[in-house]
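Asks: Just one file: work-v2.txt, with compact mmCIF, N, CA and C atoms.
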```
# COMPACT_ATOMS: atom_id res chain seq x y z
N MET A 509 4.54 11.59 8.03
CA MET A 509 4.97 12.11 9.31
C MET A 509 5.39 10.94 10.21
N THR A 510 6.60 11.01 10.73
CA THR A 510 7.14 9.95 11.58
C THR A 510 6.75 10.19 13.03
N PRO A 511 6.19 9.19 13.68
CA PRO A 511 5.86 9.36 15.10
C PRO A 511 7.12 9.68 15.90
N LEU A 512 6.98 10.51 16.91
CA LEU A 512 8.12 10.92 17.73
C LEU A 512 8.83 9.73 18.36
N TYR A 513 8.07 8.74 18.82
CA TYR A 513 8.69 7.61 19.50
C TYR A 513 9.53 6.75 18.56
N ALA A 514 9.38 6.91 17.26
CA ALA A 514 10.15 6.12 16.31
C ALA A 514 11.47 6.77 15.94
N GLN A 515 11.58 8.06 16.14
CA GLN A 515 12.73 8.79 15.63
C GLN A 515 14.03 8.49 16.35
N ASP A 516 13.99 8.29 17.63
CA ASP A 516 15.23 8.17 18.39
C ASP A 516 15.53 6.75 18.85
N HIS A 517 14.89 5.78 18.29
CA HIS A 517 15.11 4.40 18.71
C HIS A 517 15.89 3.63 17.65
N ASP A 518 16.67 2.70 18.12
CA ASP A 518 17.41 1.82 17.23
C ASP A 518 16.71 0.47 17.21
N TYR A 519 16.16 0.13 16.07
CA TYR A 519 15.44 -1.13 15.92
C TYR A 519 16.26 -2.17 15.17
N SER A 520 17.56 -1.95 15.06
CA SER A 520 18.39 -2.80 14.22
C SER A 520 18.53 -4.23 14.72
N LYS A 521 18.19 -4.49 15.95
CA LYS A 521 18.30 -5.87 16.44
C LYS A 521 17.03 -6.68 16.21
N TYR A 522 16.01 -6.05 15.65
CA TYR A 522 14.73 -6.74 15.46
C TYR A 522 14.54 -7.18 14.01
N ASN A 523 14.15 -8.45 13.89
CA ASN A 523 13.94 -9.06 12.57
C ASN A 523 12.47 -9.07 12.22
N VAL A 524 12.17 -8.54 11.05
CA VAL A 524 10.80 -8.50 10.56
C VAL A 524 10.75 -9.28 9.25
N LEU A 525 9.80 -10.18 9.15
CA LEU A 525 9.57 -10.94 7.92
C LEU A 525 8.27 -10.46 7.30
N ALA A 526 8.36 -9.92 6.08
CA ALA A 526 7.17 -9.49 5.34
C ALA A 526 6.83 -10.57 4.31
N VAL A 527 5.56 -10.96 4.28
CA VAL A 527 5.12 -12.05 3.40
C VAL A 527 3.97 -11.56 2.54
N ASP A 528 4.18 -11.57 1.23
CA ASP A 528 3.15 -11.13 0.28
C ASP A 528 3.51 -11.67 -1.09
N ASP A 529 2.52 -12.05 -1.87
CA ASP A 529 2.79 -12.56 -3.22
C ASP A 529 2.87 -11.44 -4.25
N ILE A 530 2.66 -10.21 -3.83
CA ILE A 530 2.76 -9.06 -4.74
C ILE A 530 4.08 -8.33 -4.43
N PRO A 531 5.05 -8.40 -5.35
CA PRO A 531 6.37 -7.82 -5.08
C PRO A 531 6.33 -6.34 -4.69
N LEU A 532 5.45 -5.55 -5.29
CA LEU A 532 5.38 -4.13 -4.96
C LEU A 532 5.02 -3.92 -3.49
N ASN A 533 4.12 -4.73 -2.97
CA ASN A 533 3.76 -4.62 -1.54
C ASN A 533 4.97 -4.88 -0.65
N LEU A 534 5.76 -5.87 -1.02
CA LEU A 534 6.96 -6.19 -0.24
C LEU A 534 7.96 -5.04 -0.28
N ILE A 535 8.13 -4.46 -1.45
CA ILE A 535 9.06 -3.34 -1.61
C ILE A 535 8.63 -2.15 -0.76
N LEU A 536 7.34 -1.83 -0.79
CA LEU A 536 6.84 -0.69 -0.01
C LEU A 536 7.04 -0.89 1.49
N VAL A 537 6.70 -2.07 1.98
CA VAL A 537 6.85 -2.36 3.41
C VAL A 537 8.33 -2.34 3.78
N GLN A 538 9.14 -2.95 2.95
CA GLN A 538 10.57 -3.03 3.22
C GLN A 538 11.20 -1.63 3.28
N LYS A 539 10.86 -0.79 2.31
CA LYS A 539 11.43 0.56 2.29
C LYS A 539 11.02 1.36 3.53
N MET A 540 9.78 1.23 3.91
CA MET A 540 9.30 1.97 5.06
C MET A 540 10.03 1.56 6.34
N LEU A 541 10.16 0.27 6.55
CA LEU A 541 10.72 -0.21 7.81
C LEU A 541 12.24 -0.15 7.83
N MET A 542 12.88 -0.25 6.69
CA MET A 542 14.34 -0.17 6.65
C MET A 542 14.82 1.23 7.04
N ARG A 543 13.97 2.23 6.88
CA ARG A 543 14.33 3.60 7.32
C ARG A 543 14.59 3.64 8.82
N PHE A 544 14.03 2.68 9.54
CA PHE A 544 14.19 2.63 10.99
C PHE A 544 15.12 1.49 11.41
N ASN A 545 15.87 0.99 10.44
CA ASN A 545 16.93 -0.01 10.66
C ASN A 545 16.44 -1.39 11.08
N PHE A 546 15.15 -1.68 10.87
CA PHE A 546 14.71 -3.05 11.11
C PHE A 546 15.47 -3.97 10.16
N LYS A 547 15.79 -5.17 10.61
CA LYS A 547 16.36 -6.18 9.72
C LYS A 547 15.19 -6.80 8.98
N MET A 548 15.16 -6.61 7.69
CA MET A 548 14.01 -7.04 6.89
C MET A 548 14.35 -8.27 6.05
N ARG A 549 13.42 -9.18 6.02
CA ARG A 549 13.45 -10.30 5.09
C ARG A 549 12.07 -10.37 4.45
N THR A 550 12.00 -10.98 3.28
CA THR A 550 10.72 -11.11 2.60
C THR A 550 10.52 -12.54 2.13
N ALA A 551 9.25 -12.87 1.95
CA ALA A 551 8.86 -14.16 1.39
C ALA A 551 7.67 -13.91 0.48
N ALA A 552 7.63 -14.63 -0.63
CA ALA A 552 6.61 -14.39 -1.65
C ALA A 552 5.38 -15.29 -1.52
N ASN A 553 5.40 -16.22 -0.58
CA ASN A 553 4.24 -17.09 -0.39
C ASN A 553 4.33 -17.76 0.98
N GLY A 554 3.30 -18.51 1.30
CA GLY A 554 3.23 -19.13 2.61
C GLY A 554 4.33 -20.13 2.89
N GLN A 555 4.65 -20.98 1.90
CA GLN A 555 5.71 -21.97 2.10
C GLN A 555 7.05 -21.29 2.30
N ALA A 556 7.32 -20.25 1.51
CA ALA A 556 8.57 -19.50 1.66
C ALA A 556 8.63 -18.85 3.05
N ALA A 557 7.50 -18.40 3.55
CA ALA A 557 7.46 -17.81 4.89
C ALA A 557 7.81 -18.84 5.95
N LEU A 558 7.22 -20.02 5.86
CA LEU A 558 7.51 -21.08 6.83
C LEU A 558 8.99 -21.49 6.75
N ASP A 559 9.53 -21.56 5.54
CA ASP A 559 10.94 -21.88 5.37
C ASP A 559 11.83 -20.81 5.99
N ALA A 560 11.47 -19.53 5.78
CA ALA A 560 12.24 -18.42 6.33
C ALA A 560 12.22 -18.44 7.86
N VAL A 561 11.08 -18.76 8.43
CA VAL A 561 10.96 -18.83 9.89
C VAL A 561 11.82 -19.98 10.42
N ALA A 562 11.84 -21.10 9.71
CA ALA A 562 12.66 -22.24 10.13
C ALA A 562 14.15 -21.90 10.09
N GLN A 563 14.55 -21.07 9.15
CA GLN A 563 15.96 -20.66 9.05
C GLN A 563 16.35 -19.68 10.14
N GLN A 564 15.48 -18.70 10.39
CA GLN A 564 15.76 -17.70 11.42
C GLN A 564 14.43 -17.17 11.93
N LYS A 565 14.20 -17.37 13.20
CA LYS A 565 12.94 -16.94 13.80
C LYS A 565 12.87 -15.41 13.85
N PRO A 566 11.86 -14.82 13.22
CA PRO A 566 11.72 -13.36 13.27
C PRO A 566 11.05 -12.91 14.56
N ASP A 567 11.19 -11.63 14.84
CA ASP A 567 10.47 -11.04 15.98
C ASP A 567 9.03 -10.73 15.60
N LEU A 568 8.82 -10.44 14.32
CA LEU A 568 7.50 -10.03 13.84
C LEU A 568 7.33 -10.50 12.41
N ILE A 569 6.12 -10.96 12.10
CA ILE A 569 5.76 -11.32 10.73
C ILE A 569 4.62 -10.42 10.29
N LEU A 570 4.80 -9.80 9.11
CA LEU A 570 3.74 -9.03 8.45
C LEU A 570 3.22 -9.93 7.35
N LEU A 571 1.99 -10.39 7.47
CA LEU A 571 1.51 -11.52 6.68
C LEU A 571 0.27 -11.20 5.86
N ASP A 572 0.40 -11.39 4.55
CA ASP A 572 -0.76 -11.32 3.66
C ASP A 572 -1.58 -12.59 3.85
N LEU A 573 -2.86 -12.53 3.58
CA LEU A 573 -3.71 -13.72 3.69
C LEU A 573 -3.91 -14.43 2.36
N MET A 574 -4.13 -13.67 1.31
CA MET A 574 -4.45 -14.27 0.01
C MET A 574 -3.16 -14.50 -0.78
N MET A 575 -2.70 -15.75 -0.76
CA MET A 575 -1.51 -16.14 -1.50
C MET A 575 -1.75 -17.51 -2.11
N PRO A 576 -1.09 -17.77 -3.23
CA PRO A 576 -1.23 -19.11 -3.83
C PRO A 576 -0.59 -20.17 -2.93
N GLY A 577 -1.11 -21.39 -3.01
CA GLY A 577 -0.55 -22.46 -2.18
C GLY A 577 -1.02 -22.31 -0.75
N ILE A 578 -0.08 -22.19 0.15
CA ILE A 578 -0.41 -22.04 1.57
C ILE A 578 -0.79 -20.59 1.84
N ASP A 579 -2.04 -20.38 2.24
CA ASP A 579 -2.48 -19.00 2.49
C ASP A 579 -2.06 -18.54 3.89
N GLY A 580 -2.31 -17.28 4.18
CA GLY A 580 -1.90 -16.71 5.45
C GLY A 580 -2.55 -17.36 6.65
N PHE A 581 -3.81 -17.74 6.54
CA PHE A 581 -4.48 -18.40 7.66
C PHE A 581 -3.76 -19.70 8.03
N GLU A 582 -3.36 -20.46 7.01
CA GLU A 582 -2.66 -21.73 7.24
C GLU A 582 -1.27 -21.47 7.84
N VAL A 583 -0.61 -20.42 7.40
CA VAL A 583 0.69 -20.06 7.98
C VAL A 583 0.53 -19.78 9.47
N ILE A 584 -0.48 -19.00 9.81
CA ILE A 584 -0.73 -18.69 11.23
C ILE A 584 -0.99 -19.98 12.01
N ARG A 585 -1.83 -20.84 11.47
CA ARG A 585 -2.17 -22.09 12.16
C ARG A 585 -0.91 -22.91 12.45
N ARG A 586 -0.06 -23.06 11.43
CA ARG A 586 1.15 -23.86 11.60
C ARG A 586 2.12 -23.23 12.60
N LEU A 587 2.26 -21.93 12.53
CA LEU A 587 3.17 -21.25 13.46
C LEU A 587 2.67 -21.35 14.90
N ARG A 588 1.38 -21.19 15.10
CA ARG A 588 0.82 -21.23 16.46
C ARG A 588 0.83 -22.65 17.04
N GLU A 589 0.77 -23.67 16.18
CA GLU A 589 0.79 -25.06 16.67
C GLU A 589 2.18 -25.51 17.11
N ASN A 590 3.20 -24.86 16.59
CA ASN A 590 4.58 -25.25 16.87
C ASN A 590 5.09 -24.47 18.08
N PRO A 591 5.48 -25.15 19.16
CA PRO A 591 5.96 -24.44 20.35
C PRO A 591 7.17 -23.53 20.07
N GLU A 592 7.96 -23.87 19.07
CA GLU A 592 9.14 -23.06 18.73
C GLU A 592 8.76 -21.71 18.11
N THR A 593 7.59 -21.64 17.49
CA THR A 593 7.19 -20.43 16.76
C THR A 593 5.90 -19.81 17.28
N ALA A 594 5.32 -20.40 18.30
CA ALA A 594 4.00 -19.98 18.77
C ALA A 594 3.97 -18.56 19.30
N ASP A 595 5.14 -18.05 19.73
CA ASP A 595 5.17 -16.72 20.34
C ASP A 595 5.55 -15.60 19.38
N ILE A 596 5.76 -15.91 18.11
CA ILE A 596 6.11 -14.87 17.13
C ILE A 596 4.93 -13.93 16.97
N ARG A 597 5.18 -12.64 17.01
CA ARG A 597 4.14 -11.64 16.79
C ARG A 597 3.76 -11.66 15.31
N ILE A 598 2.46 -11.67 15.01
CA ILE A 598 1.97 -11.73 13.63
C ILE A 598 0.96 -10.62 13.42
N VAL A 599 1.22 -9.80 12.39
CA VAL A 599 0.29 -8.76 11.97
C VAL A 599 -0.15 -9.10 10.56
N ILE A 600 -1.45 -9.24 10.37
CA ILE A 600 -2.00 -9.50 9.04
C ILE A 600 -2.07 -8.18 8.28
N LEU A 601 -1.62 -8.21 7.02
CA LEU A 601 -1.80 -7.09 6.09
C LEU A 601 -2.61 -7.65 4.94
N SER A 602 -3.87 -7.28 4.82
CA SER A 602 -4.69 -7.95 3.82
C SER A 602 -5.79 -7.07 3.26
N ALA A 603 -6.13 -7.37 2.01
CA ALA A 603 -7.29 -6.75 1.38
C ALA A 603 -8.57 -7.46 1.81
N LEU A 604 -8.44 -8.65 2.36
CA LEU A 604 -9.60 -9.34 2.93
C LEU A 604 -9.97 -8.57 4.18
N ASN A 605 -11.10 -7.91 4.15
CA ASN A 605 -11.41 -7.06 5.30
C ASN A 605 -12.85 -7.18 5.77
N SER A 606 -13.49 -8.29 5.44
CA SER A 606 -14.83 -8.49 5.99
C SER A 606 -14.70 -8.78 7.48
N ASN A 607 -15.75 -8.55 8.21
CA ASN A 607 -15.74 -8.85 9.64
C ASN A 607 -15.34 -10.30 9.90
N GLU A 608 -15.83 -11.20 9.04
CA GLU A 608 -15.52 -12.62 9.21
C GLU A 608 -14.02 -12.88 9.07
N ASP A 609 -13.39 -12.24 8.07
CA ASP A 609 -11.95 -12.43 7.86
C ASP A 609 -11.14 -11.87 9.02
N VAL A 610 -11.53 -10.70 9.50
CA VAL A 610 -10.81 -10.07 10.61
C VAL A 610 -10.93 -10.95 11.86
N VAL A 611 -12.14 -11.37 12.17
CA VAL A 611 -12.37 -12.21 13.34
C VAL A 611 -11.63 -13.54 13.20
N LYS A 612 -11.68 -14.13 12.00
CA LYS A 612 -10.97 -15.39 11.78
C LYS A 612 -9.46 -15.20 12.00
N GLY A 613 -8.92 -14.09 11.50
CA GLY A 613 -7.50 -13.82 11.69
C GLY A 613 -7.12 -13.76 13.16
N TYR A 614 -7.90 -13.02 13.94
CA TYR A 614 -7.64 -12.94 15.37
C TYR A 614 -7.83 -14.30 16.05
N ASN A 615 -8.88 -15.02 15.67
CA ASN A 615 -9.13 -16.33 16.26
C ASN A 615 -8.04 -17.33 15.94
N MET A 616 -7.41 -17.19 14.78
CA MET A 616 -6.32 -18.08 14.39
C MET A 616 -5.04 -17.76 15.18
N GLY A 617 -4.96 -16.53 15.70
CA GLY A 617 -3.80 -16.18 16.51
C GLY A 617 -3.05 -14.95 16.06
N ALA A 618 -3.61 -14.19 15.12
CA ALA A 618 -2.95 -12.94 14.71
C ALA A 618 -2.99 -11.95 15.87
N ASP A 619 -1.96 -11.13 15.95
CA ASP A 619 -1.88 -10.13 17.02
C ASP A 619 -2.47 -8.79 16.62
N ASP A 620 -2.54 -8.54 15.31
CA ASP A 620 -3.16 -7.31 14.82
C ASP A 620 -3.53 -7.52 13.36
N PHE A 621 -4.31 -6.58 12.81
CA PHE A 621 -4.83 -6.70 11.45
C PHE A 621 -4.81 -5.31 10.83
N ILE A 622 -4.11 -5.18 9.72
CA ILE A 622 -4.09 -3.92 8.96
C ILE A 622 -4.70 -4.19 7.60
N MET A 623 -5.68 -3.38 7.25
CA MET A 623 -6.34 -3.55 5.95
C MET A 623 -5.57 -2.81 4.86
N LYS A 624 -5.54 -3.44 3.69
CA LYS A 624 -4.94 -2.79 2.52
C LYS A 624 -6.00 -1.93 1.85
N PRO A 625 -5.62 -0.84 1.21
CA PRO A 625 -4.25 -0.37 1.03
C PRO A 625 -3.65 0.09 2.35
N ILE A 626 -2.37 -0.17 2.48
CA ILE A 626 -1.66 0.11 3.72
C ILE A 626 -1.37 1.60 3.86
N ILE A 627 -1.74 2.13 5.01
CA ILE A 627 -1.37 3.50 5.36
C ILE A 627 -0.07 3.39 6.15
N MET A 628 0.98 3.98 5.62
CA MET A 628 2.31 3.76 6.19
C MET A 628 2.43 4.16 7.66
N GLU A 629 1.76 5.24 8.07
CA GLU A 629 1.81 5.64 9.47
C GLU A 629 1.17 4.57 10.36
N LYS A 630 0.09 3.98 9.89
CA LYS A 630 -0.57 2.89 10.63
C LYS A 630 0.36 1.69 10.71
N LEU A 631 1.02 1.36 9.60
CA LEU A 631 1.95 0.24 9.60
C LEU A 631 3.07 0.48 10.61
N LEU A 632 3.68 1.64 10.56
CA LEU A 632 4.79 1.94 11.45
C LEU A 632 4.35 1.90 12.91
N THR A 633 3.22 2.50 13.22
CA THR A 633 2.72 2.50 14.59
C THR A 633 2.46 1.08 15.07
N THR A 634 1.86 0.26 14.22
CA THR A 634 1.56 -1.12 14.59
C THR A 634 2.83 -1.92 14.79
N VAL A 635 3.79 -1.78 13.87
CA VAL A 635 5.05 -2.52 13.99
C VAL A 635 5.77 -2.13 15.28
N ILE A 636 5.84 -0.86 15.57
CA ILE A 636 6.54 -0.41 16.78
C ILE A 636 5.82 -0.90 18.03
N THR A 637 4.50 -0.89 18.02
CA THR A 637 3.74 -1.43 19.15
C THR A 637 4.06 -2.91 19.37
N GLN A 638 4.11 -3.68 18.28
CA GLN A 638 4.41 -5.10 18.40
C GLN A 638 5.85 -5.32 18.88
N ILE A 639 6.77 -4.51 18.40
CA ILE A 639 8.17 -4.63 18.83
C ILE A 639 8.30 -4.25 20.31
N GLN A 640 7.51 -3.28 20.77
CA GLN A 640 7.53 -2.93 22.19
C GLN A 640 7.07 -4.12 23.05
N ILE A 641 6.14 -4.89 22.53
CA ILE A 641 5.71 -6.11 23.24
C ILE A 641 6.86 -7.10 23.29
N VAL A 642 7.57 -7.27 22.18
CA VAL A 642 8.74 -8.14 22.14
C VAL A 642 9.78 -7.65 23.15
N GLN A 643 10.03 -6.35 23.17
CA GLN A 643 10.99 -5.78 24.11
C GLN A 643 10.60 -6.05 25.56
N SER A 644 9.32 -5.94 25.86
CA SER A 644 8.86 -6.16 27.24
C SER A 644 9.06 -7.60 27.67
N ARG A 645 9.01 -8.53 26.73
CA ARG A 645 9.23 -9.94 27.04
C ARG A 645 10.71 -10.23 27.30
N GLU A 646 11.58 -9.39 26.75
CA GLU A 646 13.02 -9.60 26.90
C GLU A 646 13.51 -9.21 28.28
N LYS A 647 12.73 -8.42 28.99
CA LYS A 647 13.16 -7.90 30.30
C LYS A 647 13.00 -8.91 31.40
```
Once more with this new file: its structure as structure tokens, please.
Replies:
Amino acid sequence: MTPLYAQDHDYSKYNVLAVDDIPLNLILVQKMLMRFNFKMRTAANGQAALDAVAQQKPDLILLDLMMPGIDGFEVIRRLRENPETADIRIVILSALNSNEDVVKGYNMGADDFIMKPIIMEKLLTTVITQIQIVQSREK
């Protein structure tokens, strides 16, 4: 079921970067958000995410935590330390769901946390909420 506030809006000017080392997760997120015309890009690991951000700053990053090499926590740390990327909205999508992991994610600078398995309505609501924050900053 699509939330009413999502049906009549054009999100085509907003860039979303989904980061996950599991290709199926990327496909699911991409398919869901492309229905609402978000500009989607994907990255398969932390280094690829940092490279993608350097090429084009996204409005929102959907970030897995458990990835080989640079994990999601380190990606958040690097993005928040850099004045050029410190304001990017970051939503963690992770199977790590202990209280410690959630608190650590928020303390590192995440703006929201969605536990896997992902409920698509929750994902859409969270993404739109984060984009509304981006929109409010543009005014």
Asks: So which one's closest to Arg597 (chain A), A:Leu534, A:Val611, A:Ile569, A:Ile622? Using all atoms listed in the file, please.
Replies: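 Closest residue, counting all atoms listed in the file: A:Ile569.
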Asks: At a cut-off of 6.5 Å, using all atoms listed in the file, what residues contact Ile578 (chain A)? Leave out same-chain residues fewer than 3 positions from it and give the result as a list in words.
Replies: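 The contact residues come out as Asn553, Gly554, Gln555, Met575, Phe581, Glu582 and Val583 of chain A.
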Asks: Would you write out those residues with N, CA and C atoms, as a CSV table (one decimal), in the coordinates of the input?
Replies:
```csv
chain,number,residue,atom,x,y,z
A,553,ASN,N,5.4,-16.2,-0.6
A,553,ASN,CA,4.2,-17.1,-0.4
A,553,ASN,C,4.3,-17.8,1.0
A,554,GLY,N,3.3,-18.5,1.3
A,554,GLY,CA,3.2,-19.1,2.6
A,554,GLY,C,4.3,-20.1,2.9
A,555,GLN,N,4.6,-21.0,1.9
A,555,GLN,CA,5.7,-22.0,2.1
A,555,GLN,C,7.0,-21.3,2.3
A,575,MET,N,-2.7,-15.8,-0.8
A,575,MET,CA,-1.5,-16.1,-1.5
A,575,MET,C,-1.8,-17.5,-2.1
A,581,PHE,N,-3.8,-17.7,6.5
A,581,PHE,CA,-4.5,-18.4,7.7
A,581,PHE,C,-3.8,-19.7,8.0
A,582,GLU,N,-3.4,-20.5,7.0
A,582,GLU,CA,-2.7,-21.7,7.2
A,582,GLU,C,-1.3,-21.5,7.8
A,583,VAL,N,-0.6,-20.4,7.4
A,583,VAL,CA,0.7,-20.1,8.0
A,583,VAL,C,0.5,-19.8,9.5
```
Asks: Could you name the residues that touch region 541-549 of chain A at 6.5 Å or less, counting all atoms listed in the file, but leaving out those on the same chain fewer than 2 positions away, as a ChimeraX atom specification?
Replies: /A:518-526,536-539,551
Asks: Atom C of Thr634 (chain A) and CA of Ala560 (chain A), how far apart in Å?
Replies: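 CA of Ala560 (chain A) sits 20.8 Å away from atom C of Thr634 (chain A).
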Asks: Write out as a PyMOL selection string which residues come within 10 Å of Ser602 (chain A) when counting only C-alpha atoms, dropping same-chain ones fewer than 4 positions away.
Replies: chain A and resi 528+570-574+580+609-610+621-626
Asks: Residues of region 528-634 of chain A classed as strand (DSSP E) by DSSP on the backbone are to be reported as a ChimeraX atom specification.
Replies: /A:547-551,568-571,597-602,620-623
Asks: Please, could you write that set of residues out with N, CA and C atoms as an mmCIF file, keeping the file's coordinate frame?
Replies:
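result-v8.cif, freshly written:
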```cif
data_model
loop_
_atom_site.group_PDB
_atom_site.id
_atom_site.type_symbol
_atom_site.label_atom_id
_atom_site.label_comp_id
_atom_site.auth_asym_id
_atom_site.auth_seq_id
_atom_site.Cartn_x
_atom_site.Cartn_y
_atom_site.Cartn_z
ATOM 1 N N LYS A 547 15.790 -5.170 10.610
ATOM 2 C CA LYS A 547 16.360 -6.180 9.720
ATOM 3 C C LYS A 547 15.190 -6.800 8.980
ATOM 4 N N MET A 548 15.160 -6.610 7.690
ATOM 5 C CA MET A 548 14.010 -7.040 6.890
ATOM 6 C C MET A 548 14.350 -8.270 6.050
ATOM 7 N N ARG A 549 13.420 -9.180 6.020
ATOM 8 C CA ARG A 549 13.450 -10.300 5.090
ATOM 9 C C ARG A 549 12.070 -10.370 4.450
ATOM 10 N N THR A 550 12.000 -10.980 3.280
ATOM 11 C CA THR A 550 10.720 -11.110 2.600
ATOM 12 C C THR A 550 10.520 -12.540 2.130
ATOM 13 N N ALA A 551 9.250 -12.870 1.950
ATOM 14 C CA ALA A 551 8.860 -14.160 1.390
ATOM 15 C C ALA A 551 7.670 -13.910 0.480
ATOM 16 N N LEU A 568 8.820 -10.440 14.320
ATOM 17 C CA LEU A 568 7.500 -10.030 13.840
ATOM 18 C C LEU A 568 7.330 -10.500 12.410
ATOM 19 N N ILE A 569 6.120 -10.960 12.100
ATOM 20 C CA ILE A 569 5.760 -11.320 10.730
ATOM 21 C C ILE A 569 4.620 -10.420 10.290
ATOM 22 N N LEU A 570 4.800 -9.800 9.110
ATOM 23 C CA LEU A 570 3.740 -9.030 8.450
ATOM 24 C C LEU A 570 3.220 -9.930 7.350
ATOM 25 N N LEU A 571 1.990 -10.390 7.470
ATOM 26 C CA LEU A 571 1.510 -11.520 6.680
ATOM 27 C C LEU A 571 0.270 -11.200 5.860
ATOM 28 N N ARG A 597 5.180 -12.640 17.010
ATOM 29 C CA ARG A 597 4.140 -11.640 16.790
ATOM 30 C C ARG A 597 3.760 -11.660 15.310
ATOM 31 N N ILE A 598 2.460 -11.670 15.010
ATOM 32 C CA ILE A 598 1.970 -11.730 13.630
ATOM 33 C C ILE A 598 0.960 -10.620 13.420
ATOM 34 N N VAL A 599 1.220 -9.800 12.390
ATOM 35 C CA VAL A 599 0.290 -8.760 11.970
ATOM 36 C C VAL A 599 -0.150 -9.100 10.560
ATOM 37 N N ILE A 600 -1.450 -9.240 10.370
ATOM 38 C CA ILE A 600 -2.000 -9.500 9.040
ATOM 39 C C ILE A 600 -2.070 -8.180 8.280
ATOM 40 N N LEU A 601 -1.620 -8.210 7.020
ATOM 41 C CA LEU A 601 -1.800 -7.090 6.090
ATOM 42 C C LEU A 601 -2.610 -7.650 4.940
ATOM 43 N N SER A 602 -3.870 -7.280 4.820
ATOM 44 C CA SER A 602 -4.690 -7.950 3.820
ATOM 45 C C SER A 602 -5.790 -7.070 3.260
ATOM 46 N N ASP A 620 -2.540 -8.540 15.310
ATOM 47 C CA ASP A 620 -3.160 -7.310 14.820
ATOM 48 C C ASP A 620 -3.530 -7.520 13.360
ATOM 49 N N PHE A 621 -4.310 -6.580 12.810
ATOM 50 C CA PHE A 621 -4.830 -6.700 11.450
ATOM 51 C C PHE A 621 -4.810 -5.310 10.830
ATOM 52 N N ILE A 622 -4.110 -5.180 9.720
ATOM 53 C CA ILE A 622 -4.090 -3.920 8.960
ATOM 54 C C ILE A 622 -4.700 -4.190 7.600
ATOM 55 N N MET A 623 -5.680 -3.380 7.250
ATOM 56 C CA MET A 623 -6.340 -3.550 5.950
ATOM 57 C C MET A 623 -5.570 -2.810 4.860
#
```
Asks: In Å, how far is it from CA of Ile639 (chain A) to CA of Leu568 (chain A)?
Replies: 7.4 Å
Asks: Please give the complete set of residues from chain A that DSSP, run on the backbone, assigns to helix (DSSP H, G or I), formatted as a count of residues only.
Replies: 65
Asks: Could you write out as JSON the box around region 636-646 of chain A (axis-aligned, all atoms listed in the file, 5 Å on each side), with centre and edge lengths in Å to one decimal?
Replies:
```
{"center_x": 8.6, "center_y": -5.3, "center_z": 21.9, "size_x": 19.8, "size_y": 19.8, "size_z": 22.7}
```
Asks: Work out how far CA of Leu601 (chain A) is from atom C of Leu532 (chain A), in Å to one decimal.
Replies: 12.2 Å
Asks: Find, counting all atoms listed in the file, the residue in A:Asn605, A:Glu629, A:Leu587, A:Pro576 that gets nearest to Leu558 (chain A).
Replies: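 Nearest to Leu558 (chain A): A:Leu587.
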